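Okay, my_file-v1.tsv now, which holds TSV, C-alpha atoms:
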chain	number	residue	atom	x	y	z
A	294	MET	CA	-8.63	-52.67	57.04
A	295	THR	CA	-7.69	-55.01	59.84
A	296	VAL	CA	-4.78	-53.87	61.97
A	297	ARG	CA	-2.81	-56.68	63.61
A	298	ALA	CA	-1.38	-56.08	67.04
A	299	VAL	CA	2.36	-56.59	67.25
A	300	ARG	CA	3.09	-59.20	69.89
A	301	ALA	CA	5.37	-57.99	72.65
A	302	VAL	CA	8.40	-60.23	73.05
A	303	ARG	CA	10.02	-60.28	76.47
A	304	ALA	CA	13.68	-61.11	76.89
A	305	VAL	CA	14.25	-64.12	79.15
A	306	ARG	CA	17.15	-66.13	80.41
A	307	ALA	CA	17.11	-69.38	78.47
A	308	GLU	CA	18.74	-72.61	79.61
A	309	LEU	CA	19.67	-75.55	77.42
A	310	ALA	CA	20.64	-78.80	79.16
A	311	PHE	CA	23.33	-81.04	77.68
A	312	SER	CA	23.69	-84.79	77.85
A	313	VAL	CA	26.82	-86.69	76.86
A	314	GLY	CA	25.14	-87.35	73.52
A	315	ASP	CA	24.43	-83.66	72.96
A	316	LEU	CA	28.07	-82.78	73.62
A	317	ALA	CA	29.15	-85.53	71.24
A	318	ARG	CA	26.98	-83.92	68.52
A	319	MET	CA	28.24	-80.37	69.10
A	320	ARG	CA	30.23	-79.03	66.15
A	321	PHE	CA	31.42	-75.84	64.46
A	322	VAL	CA	30.07	-74.69	61.10
A	323	VAL	CA	31.09	-71.92	58.70
A	324	SER	CA	27.84	-70.90	56.98
A	325	PRO	CA	27.44	-68.44	54.06
A	326	MET	CA	23.76	-67.91	54.88
A	327	TRP	CA	24.62	-66.81	58.41
A	328	GLU	CA	26.45	-63.89	56.76
A	329	VAL	CA	23.62	-63.12	54.32
A	330	GLY	CA	20.87	-62.31	56.84
A	331	PRO	CA	22.89	-60.30	59.39
A	332	SER	CA	24.71	-58.36	56.66
A	333	MET	CA	21.43	-57.45	54.97
A	334	ARG	CA	20.08	-56.25	58.32
A	335	LEU	CA	23.14	-54.06	58.82
A	336	LEU	CA	22.85	-52.54	55.34
A	337	ARG	CA	19.15	-51.77	55.79
A	338	SER	CA	19.66	-50.26	59.24
A	339	GLY	CA	21.33	-47.16	57.81
A	340	HIS	CA	23.74	-47.16	60.75
A	341	GLU	CA	27.43	-46.49	60.31
A	342	HIS	CA	28.87	-49.53	62.03
A	343	PRO	CA	32.28	-48.70	63.54
A	344	VAL	CA	33.89	-51.87	62.14
A	345	HIS	CA	32.00	-52.36	58.89
A	346	ARG	CA	31.84	-48.71	57.79
A	347	ALA	CA	34.11	-49.23	54.77
A	348	TRP	CA	32.11	-52.26	53.64
A	349	THR	CA	28.70	-50.59	54.01
A	350	ALA	CA	29.90	-47.48	52.15
A	351	GLN	CA	30.81	-49.63	49.17
A	352	VAL	CA	27.90	-52.05	49.21
A	353	ARG	CA	24.88	-49.86	50.03
A	354	PRO	CA	24.94	-48.01	46.67
A	355	ARG	CA	25.20	-51.35	44.84
A	356	LEU	CA	22.30	-52.72	46.87
A	357	THR	CA	20.11	-49.78	45.88
A	358	ALA	CA	21.18	-49.88	42.23
A	359	ALA	CA	20.24	-53.58	42.04
A	360	GLY	CA	16.88	-52.97	43.74
A	361	LEU	CA	17.82	-55.37	46.54
A	362	ASP	CA	16.92	-52.86	49.25
A	363	ARG	CA	13.24	-53.40	48.43
A	364	GLY	CA	13.16	-57.02	47.27
A	365	TRP	CA	12.28	-60.44	48.66
A	366	LEU	CA	15.28	-60.67	50.98
A	367	ALA	CA	14.67	-57.19	52.39
A	368	GLU	CA	11.15	-58.25	53.40
A	369	LEU	CA	12.42	-61.49	54.93
A	370	VAL	CA	15.04	-59.70	57.05
A	371	PRO	CA	13.32	-56.89	58.99
A	372	PRO	CA	15.35	-54.18	60.75
A	373	SER	CA	14.89	-56.04	64.05
A	374	GLY	CA	13.26	-59.12	65.49
A	375	TYR	CA	12.53	-62.53	64.06
A	376	VAL	CA	13.93	-63.77	60.75
A	377	PRO	CA	12.24	-66.88	59.28
A	378	ASP	CA	14.26	-69.95	60.16
A	379	PHE	CA	14.11	-71.48	56.68
A	380	ILE	CA	16.77	-69.09	55.38
A	381	ASN	CA	19.26	-70.65	57.81
A	382	PRO	CA	18.93	-74.39	57.15
A	383	ALA	CA	20.88	-76.78	59.35
A	384	PRO	CA	24.19	-77.46	57.53
A	385	ALA	CA	25.00	-81.11	56.92
A	386	GLY	CA	28.78	-80.55	57.02
A	387	SER	CA	31.25	-78.20	58.62
A	388	SER	CA	31.58	-75.87	55.65
A	389	PRO	CA	28.56	-75.92	53.30
A	390	SER	CA	28.73	-73.96	50.07
A	391	LEU	CA	26.16	-71.28	49.30
A	392	ALA	CA	24.72	-73.56	46.60
A	393	GLU	CA	24.19	-76.37	49.14
A	394	GLU	CA	22.41	-74.05	51.55
A	395	LEU	CA	20.22	-72.62	48.77
A	396	THR	CA	19.23	-76.16	47.76
A	397	ALA	CA	18.08	-76.75	51.34
A	398	ILE	CA	16.12	-73.47	51.29
A	399	ARG	CA	14.37	-74.51	48.07
A	400	ALA	CA	13.30	-77.76	49.75
A	401	THR	CA	11.45	-75.98	52.60
A	402	PRO	CA	8.01	-77.62	53.02
A	403	ALA	CA	5.10	-75.29	52.28
A	404	ASP	CA	3.47	-75.75	55.70
A	405	ARG	CA	6.69	-74.88	57.49
A	406	LEU	CA	7.26	-71.83	55.29
A	407	ARG	CA	3.74	-70.55	56.00
A	408	GLY	CA	4.13	-71.19	59.74
A	409	GLU	CA	7.32	-69.13	59.89
A	410	LEU	CA	5.77	-66.34	57.80
A	411	ASP	CA	2.85	-66.35	60.24
A	412	ARG	CA	5.29	-65.77	63.09
A	413	LEU	CA	7.02	-62.97	61.15
A	414	ARG	CA	3.64	-61.33	60.49
A	415	ASP	CA	2.65	-61.62	64.15
A	416	GLU	CA	5.88	-59.95	65.28
A	417	GLN	CA	6.07	-57.26	62.59
A	418	GLY	CA	2.34	-56.54	62.33
A	419	ARG	CA	2.15	-57.40	58.62
A	420	LEU	CA	3.87	-59.11	55.72
A	421	GLY	CA	5.32	-57.16	52.82
A	422	PRO	CA	3.70	-57.52	49.38
A	423	ARG	CA	6.22	-60.07	48.13
A	424	LEU	CA	5.92	-62.21	51.23
A	425	ARG	CA	2.13	-62.22	50.89
A	426	VAL	CA	2.63	-63.61	47.40
A	427	LEU	CA	5.11	-66.17	48.75
A	428	TYR	CA	2.62	-67.19	51.44
A	429	ASP	CA	-0.05	-67.89	48.81
A	430	ASP	CA	2.39	-69.53	46.40
A	431	PRO	CA	5.40	-71.21	48.11
A	432	GLY	CA	6.70	-72.08	44.64
A	433	ARG	CA	7.92	-68.48	44.51
A	434	LEU	CA	10.71	-69.57	46.84
A	435	ASP	CA	12.78	-69.95	43.67
A	436	ARG	CA	12.58	-66.17	43.27
A	437	VAL	CA	13.87	-65.70	46.81
A	438	VAL	CA	16.81	-68.03	46.11
A	439	GLU	CA	17.63	-66.19	42.87
A	440	GLU	CA	17.70	-62.90	44.76
A	441	ILE	CA	19.95	-64.33	47.47
A	442	GLU	CA	22.38	-65.39	44.73
A	443	THR	CA	22.35	-61.84	43.34
A	444	TYR	CA	22.85	-60.38	46.81
A	445	TRP	CA	25.78	-62.71	47.40
A	446	GLU	CA	27.54	-61.57	44.23
A	447	VAL	CA	26.94	-57.90	45.00
A	448	ALA	CA	27.59	-57.79	48.75
A	449	LEU	CA	29.60	-60.79	49.94
A	450	ALA	CA	31.36	-62.83	47.24
A	451	PRO	CA	33.97	-60.12	46.46
A	452	TYR	CA	34.87	-60.03	50.17
A	453	TRP	CA	34.54	-63.72	50.98
A	454	VAL	CA	38.27	-64.47	51.06
A	455	ARG	CA	38.75	-61.99	53.91
A	456	ILE	CA	35.57	-62.99	55.70
A	457	ARG	CA	36.35	-66.70	55.44
A	458	ALA	CA	39.85	-66.18	56.84
A	459	VAL	CA	38.38	-64.58	59.99
A	460	LEU	CA	35.79	-67.35	60.38
A	461	ASP	CA	38.34	-70.14	59.93
A	462	ALA	CA	40.69	-68.51	62.43
A	463	ASP	CA	37.86	-68.30	64.97
A	464	VAL	CA	36.97	-71.98	64.55
A	465	PHE	CA	40.63	-72.97	64.94
A	466	HIS	CA	40.90	-70.93	68.15
A	467	ARG	CA	37.66	-72.32	69.63
A	468	ALA	CA	38.50	-75.90	68.73
A	469	ARG	CA	41.83	-75.51	70.47
A	470	GLN	CA	40.03	-74.17	73.56
A	471	VAL	CA	37.88	-77.31	73.64
A	472	ALA	CA	40.93	-79.54	73.24
A	473	GLU	CA	42.89	-77.79	75.98
A	474	HIS	CA	40.21	-76.76	78.49
A	475	GLY	CA	36.93	-78.50	77.62
A	476	ALA	CA	33.51	-77.38	76.41
A	477	GLY	CA	32.69	-75.43	79.59
A	478	HIS	CA	35.63	-73.09	79.07
A	479	LEU	CA	34.65	-72.62	75.42
A	480	PHE	CA	31.11	-71.51	76.27
A	481	ASN	CA	32.22	-69.18	79.06
A	482	GLU	CA	34.64	-67.46	76.65
A	483	LEU	CA	32.24	-67.36	73.69
A	484	HIS	CA	30.31	-64.21	74.61
A	485	SER	CA	29.35	-62.28	77.73
A	486	SER	CA	25.69	-63.32	77.30
A	487	VAL	CA	26.60	-67.03	77.16
A	488	SER	CA	27.62	-69.09	80.17
A	489	TRP	CA	28.04	-72.74	81.10
A	490	ASP	CA	27.45	-74.34	84.48
A	491	ASP	CA	26.60	-77.87	85.58
A	492	SER	CA	25.98	-79.26	82.05
A	493	THR	CA	23.67	-76.36	81.20
A	494	LEU	CA	24.15	-73.61	78.61
A	495	ARG	CA	22.61	-70.30	79.68
A	496	LEU	CA	21.72	-67.54	77.21
A	497	ALA	CA	20.92	-64.13	78.65
A	498	ASP	CA	18.40	-61.85	76.92
A	499	ARG	CA	17.03	-64.50	74.57
A	500	ARG	CA	13.55	-63.80	73.22
A	501	GLY	CA	11.69	-66.85	74.43
A	502	PRO	CA	12.47	-69.93	76.51
A	503	LEU	CA	14.63	-72.78	75.30
A	504	SER	CA	14.39	-76.43	76.30
A	505	ARG	CA	16.22	-79.49	75.07
A	506	ARG	CA	12.93	-81.24	74.30
A	507	ALA	CA	11.84	-78.38	72.03
A	508	ALA	CA	15.28	-77.64	70.57
A	509	GLY	CA	16.48	-81.02	69.29
A	510	THR	CA	19.79	-82.75	69.94
A	511	GLY	CA	23.35	-81.43	69.75
A	512	LEU	CA	24.38	-77.86	68.98
A	513	LEU	CA	25.83	-76.05	65.95
A	514	LEU	CA	28.25	-73.23	66.78
A	515	ILE	CA	28.49	-70.76	63.92
A	516	PRO	CA	30.92	-67.81	63.93
A	517	SER	CA	29.77	-64.77	61.95
A	518	VAL	CA	31.42	-61.45	61.12
A	519	PHE	CA	28.10	-59.61	60.79
A	520	THR	CA	26.27	-61.12	63.77
A	521	GLY	CA	26.43	-58.81	66.72
A	522	PRO	CA	26.56	-57.43	69.26
A	523	VAL	CA	24.82	-60.49	70.75
A	524	PRO	CA	24.53	-64.08	69.48
A	525	PHE	CA	21.54	-65.25	67.43
A	526	THR	CA	19.82	-68.58	67.96
A	527	ARG	CA	17.80	-70.71	65.59
A	528	VAL	CA	15.59	-73.43	67.06
A	529	ALA	CA	13.64	-75.49	64.52
A	530	PRO	CA	13.26	-79.16	65.54
A	531	PRO	CA	14.17	-81.77	64.46
A	532	ASP	CA	17.24	-79.81	63.37
A	533	PRO	CA	19.90	-79.26	66.03
A	534	PRO	CA	19.79	-75.77	67.57
A	535	GLN	CA	22.13	-73.21	66.03
A	536	LEU	CA	24.04	-70.53	67.93
A	537	ALA	CA	25.56	-67.85	65.68
A	538	TYR	CA	28.03	-65.70	67.61
A	539	PRO	CA	30.35	-62.75	66.78
A	540	ALA	CA	33.64	-64.11	65.45
A	541	ARG	CA	36.98	-63.12	66.95
A	542	GLY	CA	39.18	-60.79	64.90
A	543	VAL	CA	36.38	-58.85	63.20
A	544	GLY	CA	38.03	-55.59	64.21
A	545	GLY	CA	40.87	-56.21	61.76
A	546	LEU	CA	38.68	-57.44	58.89
A	547	TRP	CA	38.87	-54.33	56.73
A	548	ILE	CA	42.31	-53.00	57.67
A	549	PRO	CA	44.18	-52.39	54.39
A	550	ARG	CA	47.51	-54.01	53.67
A	551	ARG	CA	50.69	-51.97	53.32
A	552	PRO	CA	51.40	-50.92	49.70
A	553	VAL	CA	53.71	-53.11	47.68
A	554	ALA	CA	57.05	-51.35	47.33
A	555	ARG	CA	58.17	-50.54	43.79
A	556	GLY	CA	61.34	-52.61	44.13
A	557	SER	CA	59.81	-55.50	46.09
A	558	ALA	CA	60.29	-59.13	45.10
A	559	LEU	CA	56.59	-59.38	44.21
A	560	ALA	CA	56.82	-56.40	41.86
A	561	ALA	CA	59.90	-57.95	40.27
A	562	VAL	CA	57.99	-61.15	39.53
A	563	LEU	CA	54.57	-59.77	38.56
A	564	GLY	CA	55.61	-56.41	37.17
A	565	ARG	CA	54.96	-53.00	38.70
A	566	SER	CA	51.46	-52.53	37.21
A	567	ARG	CA	50.12	-55.93	38.22
A	568	SER	CA	51.52	-55.77	41.74
A	569	LEU	CA	50.12	-52.23	42.07
A	570	LEU	CA	46.66	-53.45	41.08
A	571	LEU	CA	46.81	-56.31	43.57
A	572	ALA	CA	47.71	-53.85	46.32
A	573	GLU	CA	44.82	-51.56	45.31
A	574	LEU	CA	42.35	-54.43	45.65
A	575	ASP	CA	42.16	-54.16	49.43
A	576	HIS	CA	38.52	-53.55	48.58
A	577	PRO	CA	36.90	-54.95	45.40
A	578	ALA	CA	36.80	-52.47	42.54
A	579	THR	CA	35.86	-52.11	38.88
A	580	THR	CA	38.29	-51.55	36.02
A	581	THR	CA	37.29	-47.88	35.84
A	582	GLU	CA	37.83	-47.36	39.58
A	583	LEU	CA	41.25	-49.02	39.46
A	584	ALA	CA	42.29	-46.93	36.47
A	585	GLY	CA	41.31	-43.74	38.32
A	586	ARG	CA	43.19	-44.72	41.47
A	587	THR	CA	46.39	-45.95	39.82
A	588	GLY	CA	46.74	-43.63	36.86
A	589	LEU	CA	46.92	-46.61	34.49
A	590	SER	CA	44.78	-46.64	31.35
A	591	ALA	CA	41.49	-48.57	31.47
A	592	ALA	CA	42.77	-50.82	28.69
A	593	GLY	CA	45.99	-51.49	30.59
A	594	VAL	CA	44.09	-52.28	33.78
A	595	SER	CA	41.82	-54.66	31.90
A	596	GLN	CA	44.78	-56.46	30.36
A	597	CYS	CA	46.54	-56.81	33.72
A	598	LEU	CA	43.38	-58.05	35.44
A	599	THR	CA	42.88	-60.69	32.78
A	600	ALA	CA	46.42	-61.95	33.36
A	601	LEU	CA	45.96	-61.91	37.14
A	602	ARG	CA	42.67	-63.77	36.84
A	603	ASP	CA	44.21	-66.40	34.58
A	604	ALA	CA	46.93	-66.86	37.21
A	605	GLY	CA	44.36	-67.40	39.97
A	606	LEU	CA	45.22	-64.16	41.78
A	607	VAL	CA	42.01	-62.24	41.04
A	608	SER	CA	38.34	-63.22	40.90
A	609	ALA	CA	35.52	-61.40	39.09
A	610	HIS	CA	31.98	-60.83	40.41
A	611	ARG	CA	29.03	-59.41	38.48
A	612	ALA	CA	27.30	-56.45	40.20
A	613	GLY	CA	24.58	-55.19	37.88
A	614	ARG	CA	26.26	-53.80	34.76
A	615	SER	CA	29.66	-53.69	36.44
A	616	VAL	CA	32.23	-56.34	37.25
A	617	LEU	CA	34.01	-56.20	40.60
A	618	TYR	CA	37.50	-57.64	40.89
A	619	ALA	CA	38.79	-59.03	44.17
A	620	ARG	CA	41.95	-60.74	45.40
A	621	THR	CA	41.92	-64.50	45.86
A	622	SER	CA	43.33	-66.34	48.87
A	623	VAL	CA	46.47	-67.06	46.81
A	624	ALA	CA	46.99	-63.34	46.23
A	625	GLU	CA	46.42	-62.61	49.93
A	626	ALA	CA	49.13	-65.12	50.81
A	627	LEU	CA	51.55	-63.60	48.29
A	628	LEU	CA	50.98	-60.09	49.61
A	629	GLY	CA	51.35	-61.31	53.17
A	630	ALA	CA	54.66	-62.96	52.34
A	631	SER	CA	55.84	-59.88	50.47
A	632	ALA	CA	55.04	-57.62	53.44
A	633	ALA	CA	56.80	-59.87	55.96
A	634	PRO	CA	60.13	-58.50	57.30
Show me the file's structure as structure tokens.
Amino acid sequence: MTVRAVRAVRAVRAELAFSVGDLARMRFVVSPMWEVGPSMRLLRSGHEHPVHRAWTAQVRPRLTAAGLDRGWLAELVPPSGYVPDFINPAPAGSSPSLAEELTAIRATPADRLRGELDRLRDEQGRLGPRLRVLYDDPGRLDRVVEEIETYWEVALAPYWVRIRAVLDADVFHRARQVAEHGAGHLFNELHSSVSWDDSTLRLADRRGPLSRRAAGTGLLLIPSVFTGPVPFTRVAPPDPPQLAYPARGVGGLWIPRRPVARGSALAAVLGRSRSLLLAELDHPATTTELAGRTGLSAAGVSQCLTALRDAGLVSAHRAGRSVLYARTSVAEALLGASAAP
């Protein structure tokens, strides 16, 4: 058996120069795939993250039940170090859908896929059994995409309304910073490891150097709720470099809303049972779980959820043999208005 030496990677201070054209091509992006990789890494770490503890407690058992903790995605996202760049394709717009990003992943050229798997093997010492199959047969990338879709439904889709609200709020705040103070102020406020001086972006503790010639033009700034505690970079020319950074407001992501009062206006319109169920959906839940928490019958909960779904207030997400129900953005707005003084 041949044992590969794991290459030591030294942290360096990277500098990326900006021209007027590069600044003109700088833009913000909200990317579903930039939540997939970092969230999978957090789940596999086994750590109790101080902010995401409630989320990991709910999702880890589902991940194991679906076999996703030992699948294609788990091998692609190691506990630390390099993640192949092809799972974070450069978004064409400011807010690509998961389907659009998965289409780009499917289109990864075979030589590029193998090159990035070579780098992963060099850093980790080996490839997992599924990735060895993928290396020999890049057509198996369809299996990877199918698993990402399953992971999304189990781990992220039921929570996407909340996550997306934090990401959109971050982009709004940063865009306003640029408008009021310029790009230099934005970069200096982005993260303690990021700084801007004399048309140059400096990244502390980056694994490997960074030059404009090697990185491509422009810059994509991507807020993420699961990226942390330091920003991630993706450099894969000719794509523009990507900088995924911890979004503002993550600390309040999982804070539950106040219960809906029995005599509230919302309860008067929706009925006590339906408004109670909406309030209980601070975290996605199954019909059985909601029945146990509210004291309503399973049949009654199912009937109410159907009505709420038809009204656009609840969404349903398949997780193995179960269905998870989650509030929609419309329901979040209604609850917010109902809780306002």
If you count only C-alpha atoms, which residues fall within 10 Å of segment 474-482 of chain A, apart from same-chain ones fewer than 3 positions away, as a ChimeraX atom specification?
/A:316,319,466-471,485-495
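Among the candidate residues A:Asp461, A:Gly564, A:Leu569, A:Thr580, the one lying nearest to Ala592 of chain A is A:Thr580, with distances computed using all atoms listed in the file.
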Please provide as a ChimeraX atom specification all residues within 10 Å of segment 408-424 of chain A, with the sequence filter that same-chain residues fewer than 3 positions apart are discarded (counting only C-alpha atoms).
/A:296-302,363-379,403-405,427-431,433-434,437
For Ser324 of chain A: contacts at 10 Å, only C-alpha atoms, fewer than 6 positions along chain excluded, given as a PyMOL selection string:
chain A and resi 381-384+386-391+394+457+460+515-517+537
One number please: atom CA of Val352 of chain A to atom CA of Tyr444 of chain A, in Å, one decimal.
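Interatomic distance here is 10.0 Å.
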Counting all atoms listed in the file, which of A:Pro402, A:Gly585, A:Pro331, A:Pro325 gets nearest to Thr520 of chain A?
A:Pro331
Within 9 Å of Leu536 of chain A using all atoms listed in the file, minus same-chain residues under 2 positions, as a list in words
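Here the qualifying residues turn out to be Leu512, Leu513, Leu514, Ile515, Pro516, Pro524, Phe525, Thr526, Arg527, Val528, Pro534 and Tyr538 of chain A.
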For Val543 of chain A, the nearest of the candidates A:Ala458, A:Ala584, A:Ala450, A:Ala561, counting only C-alpha atoms:
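Closest to Val543 of chain A of all the choices is A:Ala458.
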Tell me, as a PyMOL selection string, which residues lie within 12 Å of Thr510 of chain A, counting all atoms listed in the file; anything in the same chain fewer than 6 positions away does not count.
chain A and resi 309-320+504+528-535
Quick one, how far is atom CA of Arg620 of chain A from atom CA of Val607 of chain A?
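It comes out at 4.6 Å.
Interatomic distance, atom CA of Ala612 of chain A to atom CA of Val459 of chain A: 24.1 Å.
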Using only C-alpha atoms, find each residue of segment 409-465 of chain A with at least one atom at most 12 Å away from an atom of segment 625-628 of chain A; report its shortest atom-to-atom pair and that distance in Å (one decimal), sort the rows by chain and rising residue number, and return the result as a tab-separated table.
residue	atom	partner	partner_atom	distance
A:Tyr452	CA	A:Glu625	CA	11.8
A:Trp453	CA	A:Glu625	CA	12.0
A:Val454	CA	A:Glu625	CA	8.4
A:Arg455	CA	A:Glu625	CA	8.7
A:Ala458	CA	A:Glu625	CA	10.2
Write the selection just made, keeping C-alpha atoms, as a CSV table (one decimal), in the frame of the given file?
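Output (selection-v9.csv):
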chain,number,residue,atom,x,y,z
A,452,TYR,CA,34.9,-60.0,50.2
A,453,TRP,CA,34.5,-63.7,51.0
A,454,VAL,CA,38.3,-64.5,51.1
A,455,ARG,CA,38.8,-62.0,53.9
A,458,ALA,CA,39.8,-66.2,56.8
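Minimum atom-to-atom distance to Thr443 of chain A, evaluated using all atoms listed in the file, belongs to A:Leu361 out of A:Leu361, A:Val518, A:Ala385, A:Ala397.
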